[in-house]
Amino acid sequence: MIVKVKTGTIIGIDSHPVDVEIDTAMGLPQFSTVGLPDAAVRESRDRVKSAIRNSGYRFPRHKVTVNLSPADIRKEGTAFDLPIALGILATEGILRQESLEKYLFIGELSLDGGVKAVPGALSAAMQARETGLEGILLPRDNALEAALVNSIQVIAVDYLYEAVEFLNGTRHLEPTPSPGDELYRRSLAADIDFSDVSGQFQAKRALEIAAAANHNVLMIGPPGSGKTMLAQRLATILPDPTFEESIEATKIHSVAGILDKNNMLLVTRPFRAPHHSISDAGLVGGGHVPKPGEISLAHNGVLFLDELPEFKRNVLEALRQPLEDGVVTIARSSATITYPSRFMMVAAMNPCPCGYFTDLRQTCRCTPQQIRQYRSKISGPLLDRIDIHVEVPSLGYNDLAKPSVSESSATIKKRVDRARSIQKERFGNGRHTNARMSAKEIKALCPIEPEGLDLIEMAMDRLGLSARGYTKIIKVARTIADLEEETTIESHHIAEAIQYRTLDRSDV
Ligand SMILES: Nc1ncnc2c1ncn2[C@@H]1O[C@H](COP(=O)(O)OP(=O)(O)O)[C@@H](O)[C@H]1O
Ligand SMILES: [Mg+2]
Ligand SMILES: [Zn+2]
């Protein structure tokens with residue numbers, strides 16, 4: 001007798017249909033799996049056997065073969081336990097085979113028959129809907145994320161026997177309702193705000209410009225000057241993500257297995273701050289069982305690289321392609337996997353190795369040679385992707401103690417949103433921004449008043465600004481003009497944009 005159970009496997013961030021086929025035949029007791037299963041799938045045999053027995057059912061005393069098809073896609077992880085167990089119980093007549101047809105099943109089994117959460121449940125629920133199934137039956141801890149998908153039934157269980165009784169019609173399980181609005185409200189209550197940051201007007205201004213067009217930013221300042229604090233607040237002034245963007249980000253976090261089960265939908269943009277000791281696989285993704293890296297977890301949000309020069313060179317190199325393409329491609333022997341990775345990069349560094357070069361209260365002991373060497377650790381090509389450099393000086397005690405007159409994130413965000421809508425009109429699409437303008441677009445869309453052109457020329461000559469700085473100045477000036485709702489780029493827009501090229505100057 002052959003029983004088929006529908007499930008899925010995650011490739012990249014999407015779930016692809018897999019059929020679990022259980023074949024039982026007379027013969028010596030034997031339990032084997034075929035169809036390219038990896039080590040984890042093989043281990044699932046032991047869990048399935050114990051879970052069935054410890055749920056009070058008999059494990060077949062003959063030959064059981066489990067086949068996962070199609071054979072040519074790689075299957076990883078533990079989510080096949082539940083469909084395999086249910087399929088085996090159906091071959092034993094404990095379940096009616098027809099009862100399995102309406103649902104997609106995923107879940108890891110524990111030895112005692114418990115059903116444990118698995119990564120990628122949101123993607124699996126989307127697969128269930130796309131393939132026209134009535135619903136998905138899965139671990140309770142995955143139910144809320146799956147319930148984000150409308151128009152399918154989401155049946156949550158804690159134990160294998162509950163699934164069996166539900167499918168046999170002897171137990172009623174209410175489908176998990178869509179969390180919708182309630183989740184939105186719960187998640188939106190951010191507890192950080194730009195008004196928490198005293199002073200630092202130049203840095204805040206730079207971050208506002210950056211947010212207005214997704215310009216990557218580098219903050220340079222001594223320890224304790226507030227760089228981390230500022231970076232953490234950047235997501236609070238970026239435009240709200242669309243529902244699709246939230247779902248996309250949630251899918252990535254789900255596949256990575258790091259979704260907070262109380263906060264299922266990422267309704268605010270993600271903020272990721274990996275430590276500088278991270279490996280290239282940790283940053284861009286990969287590994288034996290491939291997982292999205294930090295740049296994908298930051299998709300549609302902010303990637304904060306604190307102490308930029310301390311990152312390993314190969315790790316920073318690995319960033320270049322995804323920064324350019326908005327996706328990261330990981331080649332493996334069996335397949336090529338793609339993860340989305342369109343993020344805004346915010347980096348921070350000390351001005352010198354000791355950190356106090358620009359500090360008013362402590363003296364820097366670094367030689368100019370040491371400072372040059374430290375700054376040269378960030379490679380030119382990476383620096384090439386950063387439009388805005390901004391100094392974040394240390395604040396005196398008085399500045400910090402003064403009552404805060406800082407603008408709130410909501411006020412800043414209004415201006416950002418306005419500049420974004422101007423760009424939306426300009427490019428006819430919500431995702432393209434000034435930061436991503438091509439040379440052709442710069443020519444066509446950035447009219448500059450004559451005085452502005454003179455200013456750029458002067459800056460290039462006198463300050464020794466590099467040629468690569470040139471287009472960045474124009475892109476940033478375009479954004480500054482958009483914030484003022486000016487069509488033509490004026491000389492004061494250019495003048496401000498030039499200030500954000502600190503590291504290009506040949507005199508430091
Ligand atoms: N401008 C500021 N306004 C309010 N608090 C500040 C400011 N700058 C620094 N702080 C305080 O100092 C702490 C350290 O700041 P942090 O952002 O970690 O500095 P950095 O990342 O530059 O080393 C913060 O947690 C905050 O309490
Ligand atoms: Mg810091
Ligand atoms: Zn120093």
# chains A, B, ... in the order shown; residues from 1 in each chain; ligands from 1
$ residues_near_ligand --ligand "ligand 1" --cutoff "12 Å" --atoms "only C-alpha atoms and all ligand atoms" --output "ChimeraX atom specification"
/A:192-204,219-233,273,304-308,347-351,355-356,359,391-406
$ write_last_selection --atoms "C-alpha atoms" --output "PDB file, in the first residue's frame"
ATOM      1  CA  ILE A 192      13.332  54.307  20.659  1.00  0.00           C
ATOM      2  CA  ASP A 193      13.122  57.721  19.045  1.00  0.00           C
ATOM      3  CA  PHE A 194      15.455  60.319  17.566  1.00  0.00           C
ATOM      4  CA  SER A 195      14.401  62.716  20.297  1.00  0.00           C
ATOM      5  CA  ASP A 196      16.408  60.544  22.723  1.00  0.00           C
ATOM      6  CA  VAL A 197      19.597  61.839  21.094  1.00  0.00           C
ATOM      7  CA  SER A 198      20.792  65.222  22.390  1.00  0.00           C
ATOM      8  CA  GLY A 199      22.672  67.536  20.053  1.00  0.00           C
ATOM      9  CA  GLN A 200      24.445  65.879  17.119  1.00  0.00           C
ATOM     10  CA  PHE A 201      22.494  67.979  14.671  1.00  0.00           C
ATOM     11  CA  GLN A 202      24.874  67.371  11.802  1.00  0.00           C
ATOM     12  CA  ALA A 203      24.744  63.607  12.235  1.00  0.00           C
ATOM     13  CA  LYS A 204      20.956  63.642  12.472  1.00  0.00           C
ATOM     14  CA  MET A 219      29.763  57.811  10.833  1.00  0.00           C
ATOM     15  CA  ILE A 220      33.171  58.745  12.172  1.00  0.00           C
ATOM     16  CA  GLY A 221      33.583  59.620  15.822  1.00  0.00           C
ATOM     17  CA  PRO A 222      35.174  58.747  19.153  1.00  0.00           C
ATOM     18  CA  PRO A 223      33.775  56.047  21.462  1.00  0.00           C
ATOM     19  CA  GLY A 224      30.667  57.107  23.348  1.00  0.00           C
ATOM     20  CA  SER A 225      29.735  59.891  20.946  1.00  0.00           C
ATOM     21  CA  GLY A 226      26.410  58.261  20.127  1.00  0.00           C
ATOM     22  CA  LYS A 227      27.072  56.472  16.818  1.00  0.00           C
ATOM     23  CA  THR A 228      25.345  53.269  17.864  1.00  0.00           C
ATOM     24  CA  MET A 229      22.475  55.195  19.372  1.00  0.00           C
ATOM     25  CA  LEU A 230      21.976  57.136  16.121  1.00  0.00           C
ATOM     26  CA  ALA A 231      22.188  54.053  13.912  1.00  0.00           C
ATOM     27  CA  GLN A 232      19.598  52.190  15.993  1.00  0.00           C
ATOM     28  CA  ARG A 233      17.142  55.002  15.382  1.00  0.00           C
ATOM     29  CA  ALA A 273      24.125  44.877  13.874  1.00  0.00           C
ATOM     30  CA  PHE A 304      24.808  48.486  10.918  1.00  0.00           C
ATOM     31  CA  LEU A 305      28.502  47.686  10.726  1.00  0.00           C
ATOM     32  CA  ASP A 306      30.053  49.073  13.888  1.00  0.00           C
ATOM     33  CA  GLU A 307      33.853  49.455  13.953  1.00  0.00           C
ATOM     34  CA  LEU A 308      34.034  48.962  10.208  1.00  0.00           C
ATOM     35  CA  ALA A 347      28.829  51.932   9.158  1.00  0.00           C
ATOM     36  CA  ALA A 348      30.697  53.470  12.064  1.00  0.00           C
ATOM     37  CA  MET A 349      34.359  53.872  12.854  1.00  0.00           C
ATOM     38  CA  ASN A 350      36.647  55.663  15.225  1.00  0.00           C
ATOM     39  CA  PRO A 351      38.603  58.528  13.671  1.00  0.00           C
ATOM     40  CA  GLY A 355      39.595  56.572  19.025  1.00  0.00           C
ATOM     41  CA  TYR A 356      40.162  60.085  20.347  1.00  0.00           C
ATOM     42  CA  ASP A 359      37.679  64.157  20.976  1.00  0.00           C
ATOM     43  CA  GLU A 391      31.675  63.292  11.793  1.00  0.00           C
ATOM     44  CA  VAL A 392      30.042  62.521  15.114  1.00  0.00           C
ATOM     45  CA  PRO A 393      32.039  64.535  17.659  1.00  0.00           C
ATOM     46  CA  SER A 394      32.023  63.763  21.357  1.00  0.00           C
ATOM     47  CA  LEU A 395      29.573  65.858  23.299  1.00  0.00           C
ATOM     48  CA  GLY A 396      30.511  67.685  26.447  1.00  0.00           C
ATOM     49  CA  TYR A 397      28.668  66.992  29.698  1.00  0.00           C
ATOM     50  CA  ASN A 398      26.699  70.197  29.260  1.00  0.00           C
ATOM     51  CA  ASP A 399      25.334  69.142  25.904  1.00  0.00           C
ATOM     52  CA  LEU A 400      24.072  65.896  27.348  1.00  0.00           C
ATOM     53  CA  ALA A 401      22.591  67.453  30.454  1.00  0.00           C
ATOM     54  CA  LYS A 402      20.698  70.162  28.549  1.00  0.00           C
ATOM     55  CA  PRO A 403      16.980  69.530  28.239  1.00  0.00           C
ATOM     56  CA  SER A 404      16.375  67.873  24.922  1.00  0.00           C
ATOM     57  CA  VAL A 405      14.958  70.008  22.142  1.00  0.00           C
ATOM     58  CA  SER A 406      15.427  67.278  19.617  1.00  0.00           C
TER      59      SER A 406
END
$ select_by_dssp --residues "range 228-464 of chain A" --states "helix (DSSP H, G or I)" --output "number ranges by chain"
A: 228-232, 234-236, 243-255, 280-284, 294-297, 308-310, 313-325, 368-375, 380-383, 397-401, 409-427, 434-436, 439-445, 450-462
$ select_by_dssp --residues "range 71-224 of chain A" --states "strand (DSSP E)" --output "MDAnalysis selection string"
chainID A and resid 103:105 108:109 115:116 135:139 153:157 217:220
$ residues_near_ligand --ligand "ligand 3" --cutoff "12 Å" --atoms "only C-alpha atoms and all ligand atoms" --output "PDB file with N, CA, C and O atoms, in the first residue's frame"
ATOM      1  N   GLY A 221      33.559  58.891  14.556  1.00  0.00           N
ATOM      2  CA  GLY A 221      33.583  59.620  15.822  1.00  0.00           C
ATOM      3  C   GLY A 221      34.147  58.791  16.947  1.00  0.00           C
ATOM      4  O   GLY A 221      34.209  57.558  16.854  1.00  0.00           O
ATOM      5  N   PRO A 222      34.562  59.447  18.024  1.00  0.00           N
ATOM      6  CA  PRO A 222      35.174  58.747  19.153  1.00  0.00           C
ATOM      7  C   PRO A 222      34.169  57.865  19.892  1.00  0.00           C
ATOM      8  O   PRO A 222      32.957  58.042  19.736  1.00  0.00           O
ATOM      9  N   PRO A 223      34.657  56.928  20.701  1.00  0.00           N
ATOM     10  CA  PRO A 223      33.775  56.047  21.462  1.00  0.00           C
ATOM     11  C   PRO A 223      32.851  56.869  22.357  1.00  0.00           C
ATOM     12  O   PRO A 223      33.269  57.877  22.917  1.00  0.00           O
ATOM     13  N   ASN A 350      35.935  54.643  14.471  1.00  0.00           N
ATOM     14  CA  ASN A 350      36.647  55.663  15.225  1.00  0.00           C
ATOM     15  C   ASN A 350      37.462  56.479  14.241  1.00  0.00           C
ATOM     16  O   ASN A 350      37.825  55.999  13.171  1.00  0.00           O
ATOM     17  N   PRO A 351      37.805  57.722  14.598  1.00  0.00           N
ATOM     18  CA  PRO A 351      38.603  58.528  13.671  1.00  0.00           C
ATOM     19  C   PRO A 351      40.055  58.057  13.587  1.00  0.00           C
ATOM     20  O   PRO A 351      40.757  58.390  12.634  1.00  0.00           O
ATOM     21  N   CYS A 352      40.516  57.292  14.568  1.00  0.00           N
ATOM     22  CA  CYS A 352      41.902  56.835  14.596  1.00  0.00           C
ATOM     23  C   CYS A 352      41.972  55.576  15.450  1.00  0.00           C
ATOM     24  O   CYS A 352      41.001  55.251  16.125  1.00  0.00           O
ATOM     25  N   PRO A 353      43.108  54.882  15.468  1.00  0.00           N
ATOM     26  CA  PRO A 353      43.171  53.630  16.227  1.00  0.00           C
ATOM     27  C   PRO A 353      42.834  53.798  17.710  1.00  0.00           C
ATOM     28  O   PRO A 353      42.165  52.944  18.288  1.00  0.00           O
ATOM     29  N   CYS A 354      43.270  54.878  18.355  1.00  0.00           N
ATOM     30  CA  CYS A 354      42.967  55.030  19.783  1.00  0.00           C
ATOM     31  C   CYS A 354      41.553  55.545  19.991  1.00  0.00           C
ATOM     32  O   CYS A 354      40.983  55.399  21.066  1.00  0.00           O
ATOM     33  N   GLY A 355      40.991  56.168  18.963  1.00  0.00           N
ATOM     34  CA  GLY A 355      39.595  56.572  19.025  1.00  0.00           C
ATOM     35  C   GLY A 355      39.368  58.045  19.322  1.00  0.00           C
ATOM     36  O   GLY A 355      38.268  58.553  19.130  1.00  0.00           O
ATOM     37  N   TYR A 356      40.415  58.746  19.804  1.00  0.00           N
ATOM     38  CA  TYR A 356      40.162  60.085  20.347  1.00  0.00           C
ATOM     39  C   TYR A 356      40.658  61.242  19.488  1.00  0.00           C
ATOM     40  O   TYR A 356      40.758  62.364  19.950  1.00  0.00           O
ATOM     41  N   PHE A 357      40.961  60.960  18.208  1.00  0.00           N
ATOM     42  CA  PHE A 357      41.494  61.989  17.319  1.00  0.00           C
ATOM     43  C   PHE A 357      40.640  63.266  17.316  1.00  0.00           C
ATOM     44  O   PHE A 357      41.164  64.371  17.337  1.00  0.00           O
ATOM     45  N   THR A 358      39.305  63.121  17.310  1.00  0.00           N
ATOM     46  CA  THR A 358      38.448  64.309  17.260  1.00  0.00           C
ATOM     47  C   THR A 358      37.790  64.602  18.610  1.00  0.00           C
ATOM     48  O   THR A 358      36.842  65.371  18.687  1.00  0.00           O
ATOM     49  N   ASP A 359      38.298  63.974  19.665  1.00  0.00           N
ATOM     50  CA  ASP A 359      37.679  64.157  20.976  1.00  0.00           C
ATOM     51  C   ASP A 359      38.246  65.392  21.657  1.00  0.00           C
ATOM     52  O   ASP A 359      39.444  65.650  21.606  1.00  0.00           O
ATOM     53  N   GLN A 362      39.881  64.119  25.492  1.00  0.00           N
ATOM     54  CA  GLN A 362      41.019  63.216  25.621  1.00  0.00           C
ATOM     55  C   GLN A 362      41.950  63.407  24.440  1.00  0.00           C
ATOM     56  O   GLN A 362      41.504  63.702  23.341  1.00  0.00           O
ATOM     57  N   THR A 363      43.246  63.218  24.681  1.00  0.00           N
ATOM     58  CA  THR A 363      44.212  63.484  23.637  1.00  0.00           C
ATOM     59  C   THR A 363      44.523  62.218  22.850  1.00  0.00           C
ATOM     60  O   THR A 363      44.745  61.158  23.420  1.00  0.00           O
ATOM     61  N   CYS A 364      44.544  62.386  21.546  1.00  0.00           N
ATOM     62  CA  CYS A 364      44.893  61.279  20.670  1.00  0.00           C
ATOM     63  C   CYS A 364      46.404  61.112  20.642  1.00  0.00           C
ATOM     64  O   CYS A 364      47.143  62.092  20.570  1.00  0.00           O
ATOM     65  N   ARG A 365      46.872  59.878  20.704  1.00  0.00           N
ATOM     66  CA  ARG A 365      48.310  59.624  20.692  1.00  0.00           C
ATOM     67  C   ARG A 365      48.760  58.931  19.403  1.00  0.00           C
ATOM     68  O   ARG A 365      49.839  58.370  19.337  1.00  0.00           O
ATOM     69  N   CYS A 366      47.884  58.951  18.417  1.00  0.00           N
ATOM     70  CA  CYS A 366      48.232  58.244  17.180  1.00  0.00           C
ATOM     71  C   CYS A 366      49.073  59.142  16.270  1.00  0.00           C
ATOM     72  O   CYS A 366      48.887  60.361  16.251  1.00  0.00           O
ATOM     73  N   THR A 367      49.985  58.543  15.508  1.00  0.00           N
ATOM     74  CA  THR A 367      50.758  59.292  14.521  1.00  0.00           C
ATOM     75  C   THR A 367      49.931  59.404  13.245  1.00  0.00           C
ATOM     76  O   THR A 367      49.059  58.570  13.002  1.00  0.00           O
ATOM     77  N   PRO A 368      50.210  60.435  12.426  1.00  0.00           N
ATOM     78  CA  PRO A 368      49.473  60.576  11.162  1.00  0.00           C
ATOM     79  C   PRO A 368      49.572  59.301  10.328  1.00  0.00           C
ATOM     80  O   PRO A 368      48.610  58.900   9.669  1.00  0.00           O
ATOM     81  N   GLN A 369      50.736  58.662  10.388  1.00  0.00           N
ATOM     82  CA  GLN A 369      50.940  57.419   9.651  1.00  0.00           C
ATOM     83  C   GLN A 369      49.968  56.333  10.127  1.00  0.00           C
ATOM     84  O   GLN A 369      49.322  55.653   9.333  1.00  0.00           O
ATOM     85  N   GLN A 370      49.829  56.197  11.454  1.00  0.00           N
ATOM     86  CA  GLN A 370      48.911  55.200  12.027  1.00  0.00           C
ATOM     87  C   GLN A 370      47.472  55.493  11.621  1.00  0.00           C
ATOM     88  O   GLN A 370      46.696  54.583  11.330  1.00  0.00           O
ATOM     89  N   ILE A 371      47.136  56.778  11.623  1.00  0.00           N
ATOM     90  CA  ILE A 371      45.772  57.155  11.272  1.00  0.00           C
ATOM     91  C   ILE A 371      45.486  56.823   9.805  1.00  0.00           C
ATOM     92  O   ILE A 371      44.460  56.244   9.470  1.00  0.00           O
ATOM     93  N   ARG A 372      46.464  57.149   8.946  1.00  0.00           N
ATOM     94  CA  ARG A 372      46.288  56.832   7.522  1.00  0.00           C
ATOM     95  C   ARG A 372      46.115  55.342   7.314  1.00  0.00           C
ATOM     96  O   ARG A 372      45.247  54.890   6.576  1.00  0.00           O
ATOM     97  N   GLN A 373      46.924  54.572   8.031  1.00  0.00           N
ATOM     98  CA  GLN A 373      46.878  53.122   7.863  1.00  0.00           C
ATOM     99  C   GLN A 373      45.534  52.552   8.329  1.00  0.00           C
ATOM    100  O   GLN A 373      44.949  51.690   7.685  1.00  0.00           O
ATOM    101  N   TYR A 374      45.066  53.082   9.444  1.00  0.00           N
ATOM    102  CA  TYR A 374      43.780  52.643  10.000  1.00  0.00           C
ATOM    103  C   TYR A 374      42.653  52.912   9.007  1.00  0.00           C
ATOM    104  O   TYR A 374      41.823  52.047   8.723  1.00  0.00           O
ATOM    105  N   ARG A 375      42.658  54.115   8.438  1.00  0.00           N
ATOM    106  CA  ARG A 375      41.585  54.478   7.512  1.00  0.00           C
ATOM    107  C   ARG A 375      41.670  53.691   6.203  1.00  0.00           C
ATOM    108  O   ARG A 375      40.660  53.446   5.559  1.00  0.00           O
TER     109      ARG A 375
END
$ atom_distance --atom1 "CA of Phe311 in chain A" --atom2 "CA of Val217 in chain A"
16.5 Å
$ residues_around --residues "range 461-466 of chain A" --least-positions-apart "5" --cutoff "12 Å" --atoms "only C-alpha atoms" --output "list in words"
Gly380, Leu383, Asp384, Asp454, Leu455, Ile456, Thr471, Lys472, Ile473, Ile498, Gln499, Tyr500, Arg501, Thr502, Leu503, Asp504, Arg505, Ser506, Asp507 and Val508 of chain A
$ closest_residue --among "A:Leu265, A:Asp158, A:Pro60, A:His275" --to "ligand 2" --atoms "only C-alpha atoms and all ligand atoms"
A:His275
$ atom_distance --atom1 "CA of Leu68 in chain A" --atom2 "CA of Ser333 in chain A"
19.8 Å
$ residues_around --residues "Phe31 in chain A" --least-positions-apart "6" --cutoff "8 Å" --atoms "only C-alpha atoms" --output "PyMOL selection string"
chain A and resi 45+63-66
$ closest_residue --among "A:Pro239, A:Pro290, A:Pro340, A:Gly120" --to "Val255 in chain A" --atoms "only C-alpha atoms"
A:Gly120
$ atom_distance --atom1 "CA of Val328 in chain A" --atom2 "CA of Gly287 in chain A"
13.7 Å
$ closest_residue --among "A:Ser50, A:Gln30, A:Thr487, A:Thr433" --to "Ser110 in chain A" --atoms "only C-alpha atoms"
A:Ser50
$ closest_residue --among "A:Pro29, A:Val346, A:Gly469, A:Phe427" --to "ligand 2" --atoms "only C-alpha atoms and all ligand atoms"
A:Val346
$ residues_around --residues "Ile448 in chain A" --least-positions-apart "2" --cutoff "7 Å" --atoms "only C-alpha atoms" --output "list of chain:residue names"
A:Cys446, A:Pro450, A:Gly452, A:Leu453, A:Thr488, A:Ile489, A:Glu490
$ residues_around --residues "Phe243 in chain A" --least-positions-apart "4" --cutoff "12 Å" --atoms "only C-alpha atoms" --output "ChimeraX atom specification"
/A:148-149,180-181,184,247-250,265-269,300
$ residues_around --residues "Glu162 in chain A" --least-positions-apart "5" --cutoff "12 Å" --atoms "only C-alpha atoms" --output "JSON, numbers by chain"
{"A": [55, 56, 82, 86, 113, 114, 115, 137, 138, 139, 140, 155, 156, 157, 167, 168, 169, 170, 171, 172, 173]}
$ write_last_selection --atoms "N, CA and C atoms" --output "mmCIF file, in the first residue's frame"
data_model
loop_
_atom_site.group_PDB
_atom_site.id
_atom_site.type_symbol
_atom_site.label_atom_id
_atom_site.label_comp_id
_atom_site.auth_asym_id
_atom_site.auth_seq_id
_atom_site.Cartn_x
_atom_site.Cartn_y
_atom_site.Cartn_z
ATOM 1 N N SER A 55 3.191 7.843 21.362
ATOM 2 C CA SER A 55 1.856 8.431 21.261
ATOM 3 C C SER A 55 0.797 7.351 21.431
ATOM 4 N N GLY A 56 1.253 6.134 21.652
ATOM 5 C CA GLY A 56 0.302 5.051 21.911
ATOM 6 C C GLY A 56 -0.097 4.262 20.677
ATOM 7 N N LEU A 82 6.662 15.042 10.839
ATOM 8 C CA LEU A 82 5.209 14.922 11.013
ATOM 9 C C LEU A 82 4.548 14.261 9.800
ATOM 10 N N LEU A 86 2.542 10.657 9.968
ATOM 11 C CA LEU A 86 1.126 10.544 9.612
ATOM 12 C C LEU A 86 0.935 9.567 8.458
ATOM 13 N N GLY A 113 6.508 12.383 21.172
ATOM 14 C CA GLY A 113 5.318 12.605 20.356
ATOM 15 C C GLY A 113 4.886 14.060 20.304
ATOM 16 N N GLY A 114 5.682 14.958 20.850
ATOM 17 C CA GLY A 114 5.408 16.390 20.745
ATOM 18 C C GLY A 114 5.743 16.899 19.347
ATOM 19 N N VAL A 115 5.089 17.996 18.955
ATOM 20 C CA VAL A 115 5.344 18.579 17.631
ATOM 21 C C VAL A 115 6.027 19.925 17.826
ATOM 22 N N LEU A 137 -1.338 21.982 8.375
ATOM 23 C CA LEU A 137 -1.359 21.493 9.750
ATOM 24 C C LEU A 137 0.084 21.512 10.241
ATOM 25 N N LEU A 138 0.312 22.234 11.340
ATOM 26 C CA LEU A 138 1.699 22.484 11.743
ATOM 27 C C LEU A 138 1.836 22.695 13.247
ATOM 28 N N PRO A 139 3.071 22.835 13.720
ATOM 29 C CA PRO A 139 3.306 23.034 15.154
ATOM 30 C C PRO A 139 2.676 24.337 15.641
ATOM 31 N N ARG A 140 2.180 24.330 16.883
ATOM 32 C CA ARG A 140 1.509 25.519 17.415
ATOM 33 C C ARG A 140 2.413 26.755 17.373
ATOM 34 N N ILE A 155 -4.147 24.859 11.018
ATOM 35 C CA ILE A 155 -4.470 23.980 12.144
ATOM 36 C C ILE A 155 -3.187 23.748 12.947
ATOM 37 N N ALA A 156 -3.213 24.137 14.208
ATOM 38 C CA ALA A 156 -2.024 24.038 15.051
ATOM 39 C C ALA A 156 -2.160 22.873 16.026
ATOM 40 N N VAL A 157 -1.091 22.122 16.184
ATOM 41 C CA VAL A 157 -1.109 21.009 17.148
ATOM 42 C C VAL A 157 0.135 21.061 18.036
ATOM 43 N N LEU A 167 -7.638 14.581 12.246
ATOM 44 C CA LEU A 167 -7.840 14.052 10.895
ATOM 45 C C LEU A 167 -8.912 12.963 10.880
ATOM 46 N N ASN A 168 -9.060 12.279 11.989
ATOM 47 C CA ASN A 168 -10.100 11.248 12.077
ATOM 48 C C ASN A 168 -11.466 11.817 12.439
ATOM 49 N N GLY A 169 -11.492 13.117 12.727
ATOM 50 C CA GLY A 169 -12.762 13.744 13.047
ATOM 51 C C GLY A 169 -13.210 13.510 14.475
ATOM 52 N N THR A 170 -12.336 13.039 15.328
ATOM 53 C CA THR A 170 -12.737 12.807 16.716
ATOM 54 C C THR A 170 -12.263 13.921 17.652
ATOM 55 N N ARG A 171 -11.559 14.901 17.098
ATOM 56 C CA ARG A 171 -11.143 16.040 17.906
ATOM 57 C C ARG A 171 -11.388 17.306 17.096
ATOM 58 N N HIS A 172 -11.969 18.303 17.759
ATOM 59 C CA HIS A 172 -12.192 19.572 17.064
ATOM 60 C C HIS A 172 -11.028 20.523 17.340
ATOM 61 N N LEU A 173 -10.447 21.067 16.286
ATOM 62 C CA LEU A 173 -9.409 22.085 16.458
ATOM 63 C C LEU A 173 -9.832 23.311 15.678
#
$ decode --residues "range 110-122 of chain A" --atoms "N, CA and C atoms" --output "PDB file, in the first residue's frame"
ATOM      1  N   SER A 110       9.273  15.325  18.578  1.00  0.00           N
ATOM      2  CA  SER A 110      10.188  14.948  19.645  1.00  0.00           C
ATOM      3  C   SER A 110       9.895  13.497  19.995  1.00  0.00           C
ATOM      4  N   LEU A 111      10.795  12.873  20.725  1.00  0.00           N
ATOM      5  CA  LEU A 111      10.674  11.439  20.978  1.00  0.00           C
ATOM      6  C   LEU A 111       9.378  11.096  21.697  1.00  0.00           C
ATOM      7  N   ASP A 112       8.859  12.051  22.491  1.00  0.00           N
ATOM      8  CA  ASP A 112       7.636  11.757  23.246  1.00  0.00           C
ATOM      9  C   ASP A 112       6.359  12.013  22.456  1.00  0.00           C
ATOM     10  N   GLY A 113       6.508  12.383  21.172  1.00  0.00           N
ATOM     11  CA  GLY A 113       5.318  12.605  20.356  1.00  0.00           C
ATOM     12  C   GLY A 113       4.886  14.060  20.304  1.00  0.00           C
ATOM     13  N   GLY A 114       5.682  14.958  20.850  1.00  0.00           N
ATOM     14  CA  GLY A 114       5.408  16.390  20.745  1.00  0.00           C
ATOM     15  C   GLY A 114       5.743  16.899  19.347  1.00  0.00           C
ATOM     16  N   VAL A 115       5.089  17.996  18.955  1.00  0.00           N
ATOM     17  CA  VAL A 115       5.344  18.579  17.631  1.00  0.00           C
ATOM     18  C   VAL A 115       6.027  19.925  17.826  1.00  0.00           C
ATOM     19  N   LYS A 116       7.233  20.056  17.293  1.00  0.00           N
ATOM     20  CA  LYS A 116       8.044  21.250  17.546  1.00  0.00           C
ATOM     21  C   LYS A 116       8.167  22.139  16.307  1.00  0.00           C
ATOM     22  N   ALA A 117       8.360  23.441  16.550  1.00  0.00           N
ATOM     23  CA  ALA A 117       8.409  24.435  15.481  1.00  0.00           C
ATOM     24  C   ALA A 117       9.553  24.169  14.504  1.00  0.00           C
ATOM     25  N   VAL A 118       9.343  24.573  13.259  1.00  0.00           N
ATOM     26  CA  VAL A 118      10.370  24.434  12.222  1.00  0.00           C
ATOM     27  C   VAL A 118      10.534  25.777  11.501  1.00  0.00           C
ATOM     28  N   PRO A 119      11.680  25.984  10.865  1.00  0.00           N
ATOM     29  CA  PRO A 119      11.848  27.234  10.099  1.00  0.00           C
ATOM     30  C   PRO A 119      11.001  27.217   8.828  1.00  0.00           C
ATOM     31  N   GLY A 120      10.629  28.399   8.366  1.00  0.00           N
ATOM     32  CA  GLY A 120      10.021  28.517   7.044  1.00  0.00           C
ATOM     33  C   GLY A 120       8.527  28.253   6.987  1.00  0.00           C
ATOM     34  N   ALA A 121       7.831  28.314   8.116  1.00  0.00           N
ATOM     35  CA  ALA A 121       6.394  27.989   8.110  1.00  0.00           C
ATOM     36  C   ALA A 121       5.570  28.966   7.269  1.00  0.00           C
ATOM     37  N   LEU A 122       5.969  30.242   7.279  1.00  0.00           N
ATOM     38  CA  LEU A 122       5.233  31.217   6.465  1.00  0.00           C
ATOM     39  C   LEU A 122       5.334  30.847   4.983  1.00  0.00           C
TER      40      LEU A 122
END
